[in-house]
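Quick notes on the structure that follows.
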Amino acid sequence: MMWYILLGVLVLAIILMVIIKGLTTGSKTQDSMLKQRAVFTAQQQLIFARLKEILPNYSILAHVSYDALLTTKFLHTRAKYRNMVADFVILDEHYQVLVVITLENMLFTKKGRDVIYEEEILKSAGYPVIHYKGIPESTKLRLELKKYINEETQPTLKSLKFLSCEPEAKMIS
């Protein structure tokens with residue numbers, strides 16, 4: 001009988017020590033080690049380089065939160081787009097949004113309805129949206145951007161010969 005009491009006291013002491021140890025270290029949760037990561041995926045790097053080549057006089061923003069693009073009166077409406085991010089946003093010289101470019105990530109596939117929903121949110125606010133499932137060719141990107149960037153209101157675009165897909169006429173002397 002004495003052994004049972006001694007064993008019970010020993011087990012109780014061990015449990016008490018574990019609880020005390022847990023309380024003292026439990027309040028100090030450790031963070032995981034921070035590491036650098038690439039800002040762009042390989043797909044995004046290529047598209048960003050093409051955008052800079054095509055639109056050298058425009059501001060190109062990457063990973064823009066929908067919160068930066070949209071505002072609403074109600075919190076429940078804001079909650080619908082809280083964690084959404086546009087891949088690229090093209091701004092004119094007055095920092096007005098000309099077009100939003102969204103990409104479908106090749107590694108992480110969203111459901112089709114999610115992509116459509118995200119685009120519809122931006123379109124309902126009046127933003128033009130271009131969506132690509134893969135990496136667009138430079139000529140396709142130029143043609144799409146030309147639809148959204150008005151050459152009469154954007155004089156810097158007139159001088160960009162490579163936006164026109166027509167071959168230049170050669171001078172014969």
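Note on naming: chains are A, B, ... as they come in the structure tokens, residues start from 1 per chain, ligands start from 1 in the order shown.
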Residue set, stretch 33-147 of chain A restricted to strand (DSSP E or B), as a PyMOL selection string: chain A and resi 59-65+85-91+97-103+129-132
Can you spit out the residues from that selection as a PDB file, in the first residue's frame, using N, CA and C atoms?
ATOM      1  N   SER A  59       4.780  53.435 -65.038  1.00  0.00           N
ATOM      2  CA  SER A  59       5.090  52.751 -63.779  1.00  0.00           C
ATOM      3  C   SER A  59       4.404  51.395 -63.786  1.00  0.00           C
ATOM      4  N   ILE A  60       5.166  50.381 -63.430  1.00  0.00           N
ATOM      5  CA  ILE A  60       4.632  49.030 -63.370  1.00  0.00           C
ATOM      6  C   ILE A  60       4.780  48.550 -61.932  1.00  0.00           C
ATOM      7  N   LEU A  61       3.651  48.313 -61.297  1.00  0.00           N
ATOM      8  CA  LEU A  61       3.652  47.832 -59.919  1.00  0.00           C
ATOM      9  C   LEU A  61       3.376  46.338 -59.912  1.00  0.00           C
ATOM     10  N   ALA A  62       3.998  45.642 -58.983  1.00  0.00           N
ATOM     11  CA  ALA A  62       3.801  44.199 -58.872  1.00  0.00           C
ATOM     12  C   ALA A  62       3.195  43.851 -57.523  1.00  0.00           C
ATOM     13  N   HIS A  63       2.414  42.791 -57.498  1.00  0.00           N
ATOM     14  CA  HIS A  63       1.797  42.269 -56.273  1.00  0.00           C
ATOM     15  C   HIS A  63       1.019  43.349 -55.536  1.00  0.00           C
ATOM     16  N   VAL A  64       0.082  43.956 -56.210  1.00  0.00           N
ATOM     17  CA  VAL A  64      -0.701  45.050 -55.626  1.00  0.00           C
ATOM     18  C   VAL A  64      -1.947  44.478 -54.952  1.00  0.00           C
ATOM     19  N   SER A  65      -2.099  44.797 -53.687  1.00  0.00           N
ATOM     20  CA  SER A  65      -3.253  44.343 -52.924  1.00  0.00           C
ATOM     21  C   SER A  65      -4.522  44.998 -53.462  1.00  0.00           C
ATOM     22  N   VAL A  85      -4.660  39.717 -54.516  1.00  0.00           N
ATOM     23  CA  VAL A  85      -3.534  40.513 -54.997  1.00  0.00           C
ATOM     24  C   VAL A  85      -3.507  40.458 -56.518  1.00  0.00           C
ATOM     25  N   ALA A  86      -3.353  41.630 -57.139  1.00  0.00           N
ATOM     26  CA  ALA A  86      -3.187  41.705 -58.596  1.00  0.00           C
ATOM     27  C   ALA A  86      -1.703  41.535 -58.907  1.00  0.00           C
ATOM     28  N   ASP A  87      -1.394  40.798 -59.956  1.00  0.00           N
ATOM     29  CA  ASP A  87       0.006  40.539 -60.276  1.00  0.00           C
ATOM     30  C   ASP A  87       0.737  41.797 -60.738  1.00  0.00           C
ATOM     31  N   PHE A  88       0.151  42.525 -61.696  1.00  0.00           N
ATOM     32  CA  PHE A  88       0.778  43.753 -62.193  1.00  0.00           C
ATOM     33  C   PHE A  88      -0.280  44.825 -62.396  1.00  0.00           C
ATOM     34  N   VAL A  89       0.094  46.061 -62.105  1.00  0.00           N
ATOM     35  CA  VAL A  89      -0.771  47.215 -62.344  1.00  0.00           C
ATOM     36  C   VAL A  89       0.057  48.234 -63.115  1.00  0.00           C
ATOM     37  N   ILE A  90      -0.467  48.698 -64.251  1.00  0.00           N
ATOM     38  CA  ILE A  90       0.214  49.693 -65.083  1.00  0.00           C
ATOM     39  C   ILE A  90      -0.377  51.058 -64.756  1.00  0.00           C
ATOM     40  N   LEU A  91       0.504  52.014 -64.425  1.00  0.00           N
ATOM     41  CA  LEU A  91       0.081  53.378 -64.095  1.00  0.00           C
ATOM     42  C   LEU A  91       0.600  54.353 -65.136  1.00  0.00           C
ATOM     43  N   VAL A  97      -4.470  54.255 -62.694  1.00  0.00           N
ATOM     44  CA  VAL A  97      -4.415  52.880 -63.190  1.00  0.00           C
ATOM     45  C   VAL A  97      -4.919  52.831 -64.626  1.00  0.00           C
ATOM     46  N   LEU A  98      -4.086  52.301 -65.516  1.00  0.00           N
ATOM     47  CA  LEU A  98      -4.479  52.115 -66.912  1.00  0.00           C
ATOM     48  C   LEU A  98      -5.040  50.718 -67.132  1.00  0.00           C
ATOM     49  N   VAL A  99      -4.371  49.729 -66.571  1.00  0.00           N
ATOM     50  CA  VAL A  99      -4.800  48.343 -66.753  1.00  0.00           C
ATOM     51  C   VAL A  99      -4.213  47.486 -65.629  1.00  0.00           C
ATOM     52  N   VAL A 100      -4.960  46.449 -65.281  1.00  0.00           N
ATOM     53  CA  VAL A 100      -4.509  45.477 -64.282  1.00  0.00           C
ATOM     54  C   VAL A 100      -4.255  44.163 -65.013  1.00  0.00           C
ATOM     55  N   ILE A 101      -3.106  43.551 -64.753  1.00  0.00           N
ATOM     56  CA  ILE A 101      -2.758  42.282 -65.385  1.00  0.00           C
ATOM     57  C   ILE A 101      -2.733  41.201 -64.311  1.00  0.00           C
ATOM     58  N   THR A 102      -3.491  40.140 -64.554  1.00  0.00           N
ATOM     59  CA  THR A 102      -3.497  39.009 -63.627  1.00  0.00           C
ATOM     60  C   THR A 102      -2.972  37.776 -64.348  1.00  0.00           C
ATOM     61  N   LEU A 103      -2.255  36.963 -63.620  1.00  0.00           N
ATOM     62  CA  LEU A 103      -1.669  35.749 -64.177  1.00  0.00           C
ATOM     63  C   LEU A 103      -2.222  34.538 -63.457  1.00  0.00           C
ATOM     64  N   VAL A 129      -9.055  44.753 -67.083  1.00  0.00           N
ATOM     65  CA  VAL A 129      -8.265  43.619 -66.614  1.00  0.00           C
ATOM     66  C   VAL A 129      -7.855  42.760 -67.801  1.00  0.00           C
ATOM     67  N   ILE A 130      -6.570  42.405 -67.833  1.00  0.00           N
ATOM     68  CA  ILE A 130      -6.059  41.444 -68.811  1.00  0.00           C
ATOM     69  C   ILE A 130      -5.635  40.223 -68.014  1.00  0.00           C
ATOM     70  N   HIS A 131      -6.099  39.054 -68.427  1.00  0.00           N
ATOM     71  CA  HIS A 131      -5.770  37.817 -67.720  1.00  0.00           C
ATOM     72  C   HIS A 131      -5.010  36.885 -68.655  1.00  0.00           C
ATOM     73  N   TYR A 132      -3.913  36.320 -68.162  1.00  0.00           N
ATOM     74  CA  TYR A 132      -3.131  35.362 -68.937  1.00  0.00           C
ATOM     75  C   TYR A 132      -3.033  34.053 -68.173  1.00  0.00           C
TER      76      TYR A 132
END
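One distance worth recording is that between atom CA of A:Ile135 and atom CA of A:Gln44, which is 8.4 Å.
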Please return, as a PyMOL selection string, all residues of stretch 26-88 of chain A that DSSP assigns to helix (DSSP H, G or I) on the basis of the backbone. chain A and resi 26+42-54+66-69+75-78
Those selected residues, please, written with C-alpha atoms and delivered as a PDB file, in the first residue's frame.
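Wrote it out as part.pdb, contents follow:
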ATOM      1  CA  GLY A  26       4.449  28.473 -23.167  1.00  0.00           C
ATOM      2  CA  ALA A  42      10.292  32.898 -63.123  1.00  0.00           C
ATOM      3  CA  GLN A  43       7.026  33.506 -65.001  1.00  0.00           C
ATOM      4  CA  GLN A  44       6.524  36.895 -63.341  1.00  0.00           C
ATOM      5  CA  GLN A  45      10.155  37.923 -63.970  1.00  0.00           C
ATOM      6  CA  LEU A  46       9.781  37.311 -67.681  1.00  0.00           C
ATOM      7  CA  ILE A  47       6.486  39.187 -67.938  1.00  0.00           C
ATOM      8  CA  PHE A  48       7.809  42.092 -65.847  1.00  0.00           C
ATOM      9  CA  ALA A  49      10.848  42.395 -68.134  1.00  0.00           C
ATOM     10  CA  ARG A  50       8.572  42.407 -71.193  1.00  0.00           C
ATOM     11  CA  LEU A  51       6.317  45.046 -69.642  1.00  0.00           C
ATOM     12  CA  LYS A  52       9.305  47.289 -68.861  1.00  0.00           C
ATOM     13  CA  GLU A  53      10.529  46.864 -72.437  1.00  0.00           C
ATOM     14  CA  ILE A  54       7.132  47.639 -73.951  1.00  0.00           C
ATOM     15  CA  TYR A  66      -6.886  44.803 -53.898  1.00  0.00           C
ATOM     16  CA  ASP A  67      -7.151  46.952 -50.760  1.00  0.00           C
ATOM     17  CA  ALA A  68      -4.859  49.469 -52.491  1.00  0.00           C
ATOM     18  CA  LEU A  69      -7.060  49.476 -55.594  1.00  0.00           C
ATOM     19  CA  LEU A  75     -16.483  45.850 -43.823  1.00  0.00           C
ATOM     20  CA  HIS A  76     -18.341  42.765 -45.042  1.00  0.00           C
ATOM     21  CA  THR A  77     -17.769  43.909 -48.635  1.00  0.00           C
ATOM     22  CA  ARG A  78     -14.082  44.582 -47.955  1.00  0.00           C
TER      23      ARG A  78
END
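If you look at atom CA of A:Val39 and atom CA of A:Leu141, they are 21.7 Å away from each other.
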